[in-house]
Amino acid sequence: MKKVLFVVLTALLSTTAYANNCAIYFDLDNFDKAFVACKQEAEQGDTDAMINLALMYDQGDPVGIYPEKSLYWYTQAAKQGLVEAQYDLARKYDKGEGVEVNKEKAIYWFTQAAEQGSDEAKNYLGLIYYKEDGVKANKEKAVYWFTKAMDQGLGEAQYNLARMYDKGDGVEVNKEKALDWYTQAAKKGVRVAQYHLARIYEAGDGVEVNKEQALDWLIQAAEAGLGDAQYDLARIYDEADGAEVNKEKALYWYTQILYSGTYELQKELGVIYDEGYGIKSNKEKALDWLIKAAKGGFRTAQYDLAYMYDSGKGIEVDKEKALYWYTKAAKQGDVISQYNIANMYYKGDDVEVNKEKALYWYSQSAQQGVSEAQYKLGFMYGQGDGIEVDKEKALYWYTQAAEQGFSRAKYDLGLMYEQGDGIEVDKGKALYWYSQAAEHGFSEAQYHLGLMYDAGHGVEVNQEKALYWYTKAAEKGLGEAQYHLARMYDKGDGVEANQEKAHYWYTQAAKKGNVTALNLLIKTAEEGNDTVQYDLARMYDEGDGVEVNKQKALYWYTKAAEQGGGGAQYFLALMYDKGDGIEANEEKAIYWYLRAAKQGYSSEEGYSDHFIEQKLSLVTRLAEQGDSDAQYFLACMYGEGDGVKVNKEKARYWYTKAAEAGLTSAQYDLAFMYRAGDDIEANKEKALYWYTKAAEAGFVQAQQDLAFMYEIGSDVEVNKETAFYWYTKAAEQGNVWAQYKLGVMYDEGDGVEVNKEKARYWYTKAAEQGDGGAQYFLALMYDKGDGIEANEEKAIYWYLRAAKNGFSNEEEYSDHFKKQKLLSITRLTEQGDITAQFHLARMYDKGEGVKVNKEKALYWYTKSAEQGLVQAQYQLAYMYDKGDGAEVNKEKAAYWYNEVAQEEHTVAQYELARMYDKGDGIKVDKNKALFWYKKSIDNGNTEAMYNLGIMYYKGDGIEKNSELAKKYFELACEQKLKKSCDILHKGIK
């Protein structure tokens with residue numbers, strides 16, 4: 001059926017014997033069964049069934065076309081207030097579809113639908129009054145209905161109203177309003193609005209000329225299939241009018257036009273045959289058509305032909321012919337051809353170098369506004385390159401190119417003004433042009449700005465700005481900037497000293513060949529910094545900024561490895577394994593491999609096959625020699641079945657050997673085996689013994705487990721004093737659970753004397769690591785002044801963080817706290833606290849302690865979302881999607897759903913999939929719908945299971961697959977989704 005079914009299964013809630021049958025069969029495109037069900041339900045008064053029945057009579061599936069019956073059921077549904085039926089009925093009377101044209105009835109039913117909120121009906125009424133279509137023109141009513149429709153975001157109405165303001169048709173000309181409504185419509189995907197916007201920005205009609213925006217809107221209109229836009233876009237890419245020449249894109253858009261029969265030229269045919277785009281490639285025909293078009297004086301064909309000879313694209317390179325055809329096109333004013341000829345003469349590209357001719361053609365191209373040509377002229381005059389030095393002309397052409405946004409020209413202008421190169425020194429202008437280039441990402445300009453702010457050249461010293469611009473340039477890989485940035489962090493020059501960052505940037509600078517940075521790194525490495533030792537080793541190993549030197553790499557890897565650097569140990573093992581620049585040594589290879597694995601570098605990638613095959617025997621040999629790391633590794637291999645058959649007894653044996661040698665990780669794992677009875681006989685005494693050994697050696701997880709055992713009497717007698725002791729040991733090493741438990745023990749006097757100050761201390765430690773329980777109790781203490789000084793601000797701060805972690809019970813808080821909560825949260829939000837912003841938004845959204853205010857909710861959700869809070873991003877997406885306190889904006893909804901979906905939020909993934917699936921305010925994209933449905937299903941979403949089942953059943957944008965459809969229906973049914981079960985009960989195969 002051509003018309004999209006609007007009755008969805010979720011709307012069907014009846015529990016009668018035939019309930020849902022009409023909609024279900026419709027949803028599955030089973031129109032034979034749908035007809036029987038819909039007829040019965042329609043006769044019983046179901047309006048959804050009426051309109052479905054009308055559709056079947058209207059479109060002839062499955063009973064044939066019956067206009068009278070179709071009209072009857074549309075009318076019945078419309079009389080009962082079904083807005084879709086009213087709109088469809090109005091269209092029939094308006095267009096005379098299956099009934100005589102009757103404008104009076106059309107207007108009546110359009111009005112009925114419009115008054116019930118149908119935006120399409122409002123827009124249609126506007127058009128009727130605007131065009132004098134069967135009624136007397138009434139521009140006032142046209143504006144009224146267009147405005148009504150556009151208030152709900154209907155793009156077509158926005159476009160129609162924009163056109164009226166643009167032309168002053170029935171209203172006073174207002175270019176500002178026209179631009180606004182064209183833009184709103186364009187964002188809704190109305191292609192004629194997009195095309196109008198492109199022309200407005202191209203011509204500067206009521207706005208400043210903006211070629212970039214013009215091109216962007218033109219592309220959108222062309223992609224939507226508008227022929228005029230496709231033609232204009234093809235010419236732009238073909239002739240470099242507002243965009244860089246891109247023959248591939250030009251070819252694409254010409255091909256779209258040719259398919260539609262809008263435009264055909266010899267040149268375009270030549271290009272199509274050349275590329276084989278949409279037809280079989282035929283280089284002979286391509287060349288033939290291009291030559292015909294070129295000989296006929298078609299400028300772009302001449303350029304294309306020249307380019308083919310120049311680049312050897314599809315034909316043999318022939319620079320002489322390239323020059324010939326470039327010249328032909330250039331003489332007709334083709335600016336790119338002029339520029340390319342200039343380049344050929346400048347570089348001597350299979351022609352004799354001729355700077356005079358290069359200058360001539362650069363001038364021709366430059367005078368037509370080609371910024372690259374303007375820059376080249378500036379360079380030639382500035383350097384005296386083939387011509388006499390003329391700083392004035394250099395300045396002129398650099399300025400022309402710079403004003404068009406050519407970053408290199410901006411930078412060179414900055415240099416001229418800073419150095420007084422043939423002109424008077426002007427630090428202010430130097431700063432201006434450097435800034436212009438820097439803001440467009442030109443790294444040399446960013447570096448020079450850093451220098452100016454760092455040294456106070458022409459500006460006040462500003463270390464903060466120096467740091468900013470050095471960082472920008474450094475991140476783009478400029479070695480000089482990396483060195484200066486490292487120096488600032490090294491010396492604490494205008495920034496807090498940070499040796500880690502200093503070493504990082506010195507390393508980057510050294511890799512770019514900065515000798516001073518390299519020497520500083522070597523000095524730091526010799527002082528024992530293992531990170532720098534490792535970085536130096538990598539540089540010498542890879543020849544990154546220095547000459548490859550395996551001996552130096554070995555030296556620095558060894559230094560770093562001996563200090564416990566896992567990465568250095570890994571690469572050292574590789575070198576010994578493969579004999580990479582050094583003598584191979586199997587024993588040393590396995591020695592360092594084991595130590596790297598202990599640090600988490602256990603990947604076997606890069607090692608030789610021989611090494612991997614011999615790993616078990618090598619590890620066993622070392623283990624038998626008493627190497628505790630090898631013993632532990634061997635135990636893990638047997639315990640986990642890593643390269644060997646699982647053998648818990650051997651695992652226990654080697655864990656014991658390593659544990660007896662004092663390896664704490666082995667002691668802990670052995671304790672766990674004895675406690676759990678992991679394929680060996682459980683032994684509580686031995687478990688306790690090894691937990692204690694590991695704990696006494698400082699193994700934090702053993703300390704926590706031991707404390708818990710004594711606290712609750714698990715496999716030992718309850719001993720609060722011992723529990724307290726081990727919790728303290730673990731807490732002092734940063735264990736968050738132990739910190740929280742200590743807070744509770746001091747707070748409640750559980751096994752220790754009550755000490756509120758210590759309770760506050762440990763709660764704070766745990767809270768700062770994100771423990772929700774600690775945050776909750778800390779908030780209570782600050783609220784009530786429970787043994788500490790009350791602090792309203794801290795109470796609300798920790799209350800918010802606890803609430804974010806699910807600890808939101810307010811029953812225990814003071815009445816004063818509850819009253820002051822709004823004021824306190826508001827104060828924190830204004831200070832930029834994103835958690836407070838989200839909480840305040842929820843209060844206004846749900847009316848929690850304040851009057852509902854969706855506008856304020858939207859504002860604070862936005863603030864929090866823009867700072868990356870996932871919960872706020874989801875709420876924002878929901879509001880824009882459903883129009884909940886905000887004007888419906890599907891584009892913004894899709895944007896925020898996408899942000900949240902990336903964080904594995906199943907509902908956001910589903911909603912995003914649904915929007916792509918149904919084209920709900922965004923362009924239909926079945927591949928993206930499929931992707932996000934699957935993501936959502938992975939996270940357990942039943943609606944996604946059902947919708948994916950429908951896609952596979954119908955072959956909707958993907959290959960039809962009844963087996964997969966059934967699988968997803970069954971998954972959803974297992975989760976009690978009734979509509980999915982209903983489909984299965986109808987006998988889906």
# chains A, B, ... in the order shown; residues from 1 in each chain; ligands from 1

call {"tool": "residues_around", "arguments": {"residues": "region 798-807 of chain A", "least_positions_apart": "5", "cutoff": "7 Å", "atoms": "only C-alpha atoms", "output": "list in words"}}
result
Gly772, Gly773, Gln775, Tyr776, Leu778, Ala779, Thr835 and Ala836 of chain A

call {"tool": "write_last_selection", "arguments": {"atoms": "N, CA, C and O atoms", "output": "tab-separated table (two decimals), in the first residue's frame"}}
result
chain	number	residue	atom	x	y	z
A	772	GLY	N	27.96	6.50	47.33
A	772	GLY	CA	26.68	7.16	47.59
A	772	GLY	C	26.27	7.11	49.04
A	772	GLY	O	25.71	8.09	49.57
A	773	GLY	N	26.50	5.98	49.71
A	773	GLY	CA	26.13	5.88	51.13
A	773	GLY	C	26.90	6.87	51.98
A	773	GLY	O	26.33	7.53	52.85
A	775	GLN	N	28.19	9.66	50.94
A	775	GLN	CA	27.70	11.00	50.59
A	775	GLN	C	26.40	11.31	51.34
A	775	GLN	O	26.22	12.43	51.84
A	776	TYR	N	25.52	10.31	51.43
A	776	TYR	CA	24.24	10.49	52.11
A	776	TYR	C	24.43	10.80	53.60
A	776	TYR	O	23.87	11.77	54.12
A	778	LEU	N	27.11	11.83	55.11
A	778	LEU	CA	27.87	13.07	55.27
A	778	LEU	C	26.93	14.27	55.15
A	778	LEU	O	27.02	15.23	55.93
A	779	ALA	N	26.00	14.20	54.19
A	779	ALA	CA	25.02	15.27	54.03
A	779	ALA	C	24.18	15.42	55.29
A	779	ALA	O	23.91	16.53	55.76
A	835	THR	N	25.68	18.73	38.85
A	835	THR	CA	24.76	17.87	39.58
A	835	THR	C	23.62	18.70	40.14
A	835	THR	O	22.45	18.31	40.10
A	836	ALA	N	23.95	19.87	40.66
A	836	ALA	CA	22.92	20.78	41.19
A	836	ALA	C	22.01	21.26	40.07
A	836	ALA	O	20.79	21.36	40.23

call {"tool": "residues_around", "arguments": {"residues": "Ser118 (chain A)", "least_positions_apart": "5", "cutoff": "9 Å", "atoms": "only C-alpha atoms", "output": "list of chain:residue names"}}
result
A:Val83, A:Glu84, A:Tyr87, A:Phe110, A:Gln112, A:Ala113, A:Asn123, A:Ala149

call {"tool": "select_by_dssp", "arguments": {"residues": "region 183-219 of chain A", "states": "helix (DSSP H, G or I)", "output": "list in words"}}
result
Thr183, Gln184, Ala185, Ala186, Lys187, Arg191, Val192, Ala193, Gln194, Tyr195, His196, Leu197, Ala198, Arg199, Ile200, Tyr201, Glu202, Ala203, Lys211, Glu212, Gln213, Ala214, Leu215, Asp216, Trp217, Leu218 and Ile219 of chain A

call {"tool": "residues_around", "arguments": {"residues": "Asn755 (chain A)", "least_positions_apart": "3", "cutoff": "12 Å", "atoms": "only C-alpha atoms", "output": "PyMOL selection string"}}
result
chain A and resi 742-752+758-762+786-788

call {"tool": "residues_around", "arguments": {"residues": "region 155-162 of chain A", "least_positions_apart": "4", "cutoff": "6 Å", "atoms": "only C-alpha atoms", "output": "list in words"}}
result
Asn123, Phe146, Ala149, Met150, Asp166, Ala178, Trp181, Tyr182, Ala185, Lys188 and Ala193 of chain A

call {"tool": "residues_around", "arguments": {"residues": "Glu685 (chain A)", "least_positions_apart": "2", "cutoff": "10 Å", "atoms": "only C-alpha atoms", "output": "number ranges by chain"}}
result
A: 671, 674-675, 682-683, 687-691, 715-716

call {"tool": "closest_residue", "arguments": {"among": "A:Ile680, A:Gly713, A:Asp705, A:Asp205", "to": "Asn735 (chain A)", "atoms": "only C-alpha atoms"}}
result
A:Asp705

call {"tool": "residues_around", "arguments": {"residues": "Asp917 (chain A)", "least_positions_apart": "6", "cutoff": "12 Å", "atoms": "only C-alpha atoms", "output": "PyMOL selection string"}}
result
chain A and resi 910-911+923-933+944+947-948+950-951+956-958

call {"tool": "residues_around", "arguments": {"residues": "Asp642 (chain A)", "least_positions_apart": "5", "cutoff": "10 Å", "atoms": "only C-alpha atoms", "output": "MDAnalysis selection string"}}
result
chainID A and resid 616 633:637

call {"tool": "atom_distance", "arguments": {"atom1": "CA of Ile796 (chain A)", "atom2": "CA of Lys851 (chain A)"}}
result
20.2 Å

call {"tool": "atom_distance", "arguments": {"atom1": "CA of Thr327 (chain A)", "atom2": "CA of Val351 (chain A)"}}
result
13.5 Å

call {"tool": "closest_residue", "arguments": {"among": "A:Ala85, A:Ile423, A:Leu415, A:Leu53", "to": "Lys393 (chain A)", "atoms": "only C-alpha atoms"}}
result
A:Ile423

call {"tool": "closest_atom_pairs", "arguments": {"of": "region 836-946 of chain A", "to": "region 964-976 of chain A", "cutoff": "8 Å", "atoms": "only C-alpha atoms", "output": "Markdown table"}}
result
| residue | atom | partner | partner_atom | distance |
| --- | --- | --- | --- | --- |
| A:Thr942 | CA | A:Ala972 | CA | 5.0 |
| A:Glu943 | CA | A:Ala972 | CA | 7.2 |
| A:Met945 | CA | A:Tyr968 | CA | 5.1 |
| A:Tyr946 | CA | A:Phe969 | CA | 5.5 |

call {"tool": "closest_residue", "arguments": {"among": "A:Lys559, A:Arg827, A:Arg408, A:His905", "to": "His440 (chain A)", "atoms": "only C-alpha atoms"}}
result
A:Arg408

call {"tool": "decode", "arguments": {"residues": "region 357-385 of chain A", "atoms": "C-alpha atoms", "output": "PDB file, in the first residue's frame"}}
result
ATOM      1  CA  LYS A 357      54.329  33.882 -17.307  1.00  0.00           C
ATOM      2  CA  ALA A 358      53.658  32.451 -13.870  1.00  0.00           C
ATOM      3  CA  LEU A 359      53.282  35.987 -12.537  1.00  0.00           C
ATOM      4  CA  TYR A 360      50.913  36.865 -15.389  1.00  0.00           C
ATOM      5  CA  TRP A 361      48.571  33.917 -14.820  1.00  0.00           C
ATOM      6  CA  TYR A 362      48.694  34.191 -11.032  1.00  0.00           C
ATOM      7  CA  SER A 363      47.661  37.826 -11.537  1.00  0.00           C
ATOM      8  CA  GLN A 364      44.747  36.822 -13.782  1.00  0.00           C
ATOM      9  CA  SER A 365      43.507  34.294 -11.265  1.00  0.00           C
ATOM     10  CA  ALA A 366      44.183  36.577  -8.282  1.00  0.00           C
ATOM     11  CA  GLN A 367      42.222  39.434  -9.823  1.00  0.00           C
ATOM     12  CA  GLN A 368      39.205  37.099  -9.990  1.00  0.00           C
ATOM     13  CA  GLY A 369      39.519  36.405  -6.289  1.00  0.00           C
ATOM     14  CA  VAL A 370      41.407  33.106  -6.070  1.00  0.00           C
ATOM     15  CA  SER A 371      43.056  33.357  -2.657  1.00  0.00           C
ATOM     16  CA  GLU A 372      45.776  30.793  -3.448  1.00  0.00           C
ATOM     17  CA  ALA A 373      46.857  32.866  -6.443  1.00  0.00           C
ATOM     18  CA  GLN A 374      46.751  36.052  -4.378  1.00  0.00           C
ATOM     19  CA  TYR A 375      49.002  34.388  -1.805  1.00  0.00           C
ATOM     20  CA  LYS A 376      51.464  33.219  -4.477  1.00  0.00           C
ATOM     21  CA  LEU A 377      51.678  36.768  -5.845  1.00  0.00           C
ATOM     22  CA  GLY A 378      52.331  38.077  -2.340  1.00  0.00           C
ATOM     23  CA  PHE A 379      55.075  35.488  -1.889  1.00  0.00           C
ATOM     24  CA  MET A 380      56.743  36.259  -5.235  1.00  0.00           C
ATOM     25  CA  TYR A 381      56.771  40.013  -4.609  1.00  0.00           C
ATOM     26  CA  GLY A 382      57.830  39.542  -0.978  1.00  0.00           C
ATOM     27  CA  GLN A 383      60.760  37.221  -1.735  1.00  0.00           C
ATOM     28  CA  GLY A 384      61.739  38.654  -5.105  1.00  0.00           C
ATOM     29  CA  ASP A 385      61.039  35.228  -6.551  1.00  0.00           C
TER      30      ASP A 385
END
